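Student: Quick one: the structure is below, and I'll ask about it shortly.
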There are 2 protein chains.
Amino acid sequence: MIPPYQRIVAEITRRITDGELNPGDRVPSARQVAKEWDVALATAAKALTALRQEGLVEAEPRVGTVVAAARSRPRAAAPERELTRDRVVRAAIDIADAEGLAALSMRGVAARLGVAAMSPYRHVASKGDLVLMMADAVFGGMTLPARPDHWRARVEVGVRALWALHREHPWLAQLGPLSRPLLVPNLLAYSEWVLDGLAGLGLDPRTTFDLNVLLYSHVLGLAVHLEREAHAEGATGLSTEQWMNGQARALDRLAPAHPTFARLLTSFAETGYDLDLDALFELGLRSVLDGIERRTS
Amino acid sequence: MIPPYQRIVAEITRRITDGELNPGDRVPSARQVAKEWDVALATAAKALTALRQEGLVEAEPRVGTVVAAARSRPRAAAPERELTRDRVVRAAIDIADAEGLAALSMRGVAARLGVAAMSPYRHVASKGDLVLMMADAVFGGMTLPARPDHWRARVEVGVRALWALHREHPWLAQLGPLSRPLLVPNLLAYSEWVLDGLAGLGLDPRTTFDLNVLLYSHVLGLAVHLEREAHAEGATGLSTEQWMNGQARALDRLAPAHPTFARLLTSFAETGYDLDLDALFELGLRSVLDGIERRTS
DNA sequence: ACCTGAACACCGTTCAAGT
DNA sequence: ACCTGAACACCGTTCAAGT
């Protein structure tokens, strides 16, 4: 008995080798696979993951899953290249960027690098260790411009850079408070920048630290939505809009008990409602900094 | 070859049956177990989990792990009580409250209820389904007082209740944006409350929805810290203070590159620094509401 | 029909066997 | 000595065998 996901893998492999699908072409999404083969979304996702690990397809961040270029296909090749900690960390970041932190496994990292399952363990102590190194690596790539003079401009620049980093790597929001920053040395550069800005206010050390945490939390709270937005569609197989349409009947039932919610929601019937997280980020940032300014003046 | 964690289980079981440890007494913490048996913290935690699943010990939320009362010990007993969806969901909430969402497993739920591993599946479709039901159950228990007249008081009361709920059930922060609230009907009651408050401002529907998301994110961003705080000690085996002391040398090395951070941190040398998340929550809430008020006046 | 044990395809990690 | 396959103790979930 061949498991269903292997039948899907075999068929998509055939389409690629037969030239029905060419490098760069989108392969069916998990949602489409689920429909076409009449399987659960989890099974469809598994099939796509298997194809990805074989190097036949690649997750193109803002496009979907596409057929890999022929020369990148034998990913298990190039075994002469030495396995380094850096390559392990970078492979893990690639996986987390494309598929989320939940899809990151030590075995998956090894497969992506074409090495034995245990080989990464020569370079990282554990999965938790690897995740800290991933965070350190992306914080190390954070770019902060020339230091503005005014405290508020300094803080804004720093927090915006943190938000931009979370946009690029939404899995950062799943790491938690990083309350022990010395384990992620490159996070210190960010903290130093913001604390330096806040220090311009001459508040007591405790309040200064607190405000740094509050601003970090503001980014975190909104960034949590980023990862879910990126993967929610795959999980339910529906876009927010489709889902809203489908729930219209349920909404009618709920309307009597939730009049304000229902009234507001119906006003989105034509235009739709999509969350502008960037605007919310700016609104929250401005509000908090205004609040600080009012407190100290 | 007996796995190390089983040796630990056997020894602690002996201490309980021999009366060295009595109901209500604290058993060694994961940290203490790790030290006493010279094993990794993961192994120690595993031993305690096994004892918990046997019903010999219980996680007492703000105390630690204690010996269970004799009569509650044969937890696998009382099999005559029918397994219901409600009991499955409640057992899962208990586990998540005591040990975090990461420690929640379908098999663990079944073991806690003394039923076969597959029995819970007769009442929930999947683990994801169970988690949604858990969220719905705790949102259903959320208490909102009489409706204040002023819009701002209404919003404050609602958001504070949401924060209180996250304090009680920190795993709520791991659920993500819950951007499809109809799947968690009881969350709608909260949204309705806050939207009703915000509607008092007469803003356009889009901004009203946005502000609801911003306030929700504010709670989420800070609540993320709650779960980690609760479990960070177990994971590293050190309190924040112990850890800070231990890192003093590392700090000295980093001080030249991070002068502001180092200067602020040394000022905590005697008093220590502990995050007052409740104060930060209030500060952020006030700032955001002030910002809204200023925008609309 | 209802319930559940066995099985499958995963995990992270340990450890000893291979080179 | 360095590397890695086999093994262990888990997962969530499917499915067929048991009652």
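Scheme for the structure tokens: letters A, B, ... for chains in order shown; per-chain residue numbers from 1; ligand numbers from 1 in order shown.
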Per residue of chain C within 8 Å of stretch 1-18 of chain D, what are the shortest atom pair and its distance in Å to one decimal, counting only C-alpha atoms (C1' of nucleotides), with rows by chain and residue number, as CSV?

Tutor:
```
residue,atom,partner,partner_atom,distance
C:DC10,C1',D:DC11,C1',7.4
C:DC11,C1',D:DC11,C1',6.4
C:DT19,C1',D:DC3,C1',8.0
```

Student: What residues in chain A have any atom no more than 7 Å from chain B when counting only C-alpha atoms, and can you write them as number ranges by chain?

Tutor: A: 176-177, 192, 195-196, 205, 214, 217-218, 220-222, 224-225, 228, 258, 260-261, 264, 280, 284, 287-288, 291

Student: Dump N, CA and C atoms for the selected residues as a CSV table (one decimal), in the first residue's frame?

Tutor:
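Resulting contents of selection-v6.csv:
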```
chain,number,residue,atom,x,y,z
A,176,GLY,N,9.8,34.4,21.4
A,176,GLY,CA,9.5,34.8,22.7
A,176,GLY,C,10.3,36.0,23.1
A,177,PRO,N,10.3,36.3,24.4
A,177,PRO,CA,10.8,37.6,24.8
A,177,PRO,C,12.3,37.9,24.6
A,192,GLU,N,21.0,48.3,22.4
A,192,GLU,CA,21.9,49.4,22.7
A,192,GLU,C,21.4,50.7,22.0
A,195,LEU,N,18.1,51.9,23.6
A,195,LEU,CA,18.3,52.4,25.0
A,195,LEU,C,19.1,53.7,24.9
A,196,ASP,N,20.0,53.8,24.0
A,196,ASP,CA,20.7,55.0,23.8
A,196,ASP,C,19.8,56.2,23.5
A,205,PRO,N,16.9,54.3,35.2
A,205,PRO,CA,17.2,53.1,34.4
A,205,PRO,C,16.1,52.2,34.3
A,214,LEU,N,8.6,47.6,26.2
A,214,LEU,CA,7.3,47.9,25.7
A,214,LEU,C,7.3,48.0,24.2
A,217,SER,N,7.7,44.7,22.6
A,217,SER,CA,6.5,44.0,22.7
A,217,SER,C,5.5,44.5,21.6
A,218,HIS,N,5.5,45.7,21.3
A,218,HIS,CA,4.7,46.3,20.3
A,218,HIS,C,5.0,45.6,18.9
A,220,LEU,N,6.5,42.7,18.6
A,220,LEU,CA,6.2,41.3,18.7
A,220,LEU,C,4.7,41.0,18.5
A,221,GLY,N,3.8,41.9,19.2
A,221,GLY,CA,2.4,41.6,19.1
A,221,GLY,C,1.9,41.7,17.7
A,222,LEU,N,2.4,42.6,16.9
A,222,LEU,CA,1.9,42.7,15.6
A,222,LEU,C,2.6,41.7,14.7
A,224,VAL,N,3.3,38.7,15.4
A,224,VAL,CA,2.7,37.4,15.6
A,224,VAL,C,1.7,37.2,14.4
A,225,HIS,N,1.0,38.3,14.0
A,225,HIS,CA,0.0,38.2,12.9
A,225,HIS,C,0.7,37.9,11.6
A,228,ARG,N,1.2,34.1,11.0
A,228,ARG,CA,-0.1,33.4,10.8
A,228,ARG,C,-0.7,33.8,9.4
A,258,HIS,N,-24.3,40.2,18.6
A,258,HIS,CA,-23.1,41.0,18.4
A,258,HIS,C,-23.4,42.1,17.4
A,260,THR,N,-22.7,45.3,17.0
A,260,THR,CA,-21.6,46.2,16.5
A,260,THR,C,-20.7,45.5,15.6
A,261,PHE,N,-20.3,44.3,16.0
A,261,PHE,CA,-19.4,43.5,15.1
A,261,PHE,C,-20.1,43.3,13.8
A,264,LEU,N,-20.4,46.5,11.6
A,264,LEU,CA,-19.1,46.9,11.0
A,264,LEU,C,-18.7,46.0,9.9
A,280,LEU,N,-0.7,50.0,11.4
A,280,LEU,CA,-0.9,49.8,12.8
A,280,LEU,C,0.4,49.9,13.6
A,284,GLY,N,0.8,52.6,16.6
A,284,GLY,CA,1.2,52.2,17.9
A,284,GLY,C,2.5,52.9,18.4
A,287,SER,N,1.9,56.5,19.1
A,287,SER,CA,1.1,56.7,20.4
A,287,SER,C,2.0,56.5,21.6
A,288,VAL,N,2.8,55.4,21.6
A,288,VAL,CA,3.7,55.1,22.7
A,288,VAL,C,4.7,56.3,22.9
A,291,GLY,N,3.1,59.3,24.3
A,291,GLY,CA,2.8,59.0,25.7
A,291,GLY,C,4.1,59.3,26.6
```

Student: Between A:Arg122, A:Lys127, A:Arg112, A:Arg154, which has the minimum distance to chain D (counting only C-alpha atoms (C1' of nucleotides))?

Tutor: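 Of A:Arg122, A:Lys127, A:Arg112, A:Arg154, the one nearest chain D, counting only C-alpha atoms (C1' of nucleotides), is A:Arg122.
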
Student: Select all residues from chain B having any atom no more than 9 Å from an atom of chain D (counting only C-alpha atoms (C1' of nucleotides), ignoring ligands), output as a list in words.

Tutor: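 Every residue of chain B that passes the 9 Å test is in Ser105, Met106, Arg107, Ser126 and Lys127 of chain B.
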
Student: Please report, as a PyMOL selection string, each residue of stretch 88-220 of chain B to which DSSP assigns helix (DSSP H, G or I) when run on this structure's backbone.

Tutor: chain B and resi 88-99+101-103+106-113+119-122+127-140+151-168+170-175+181-183+185-199+205-220
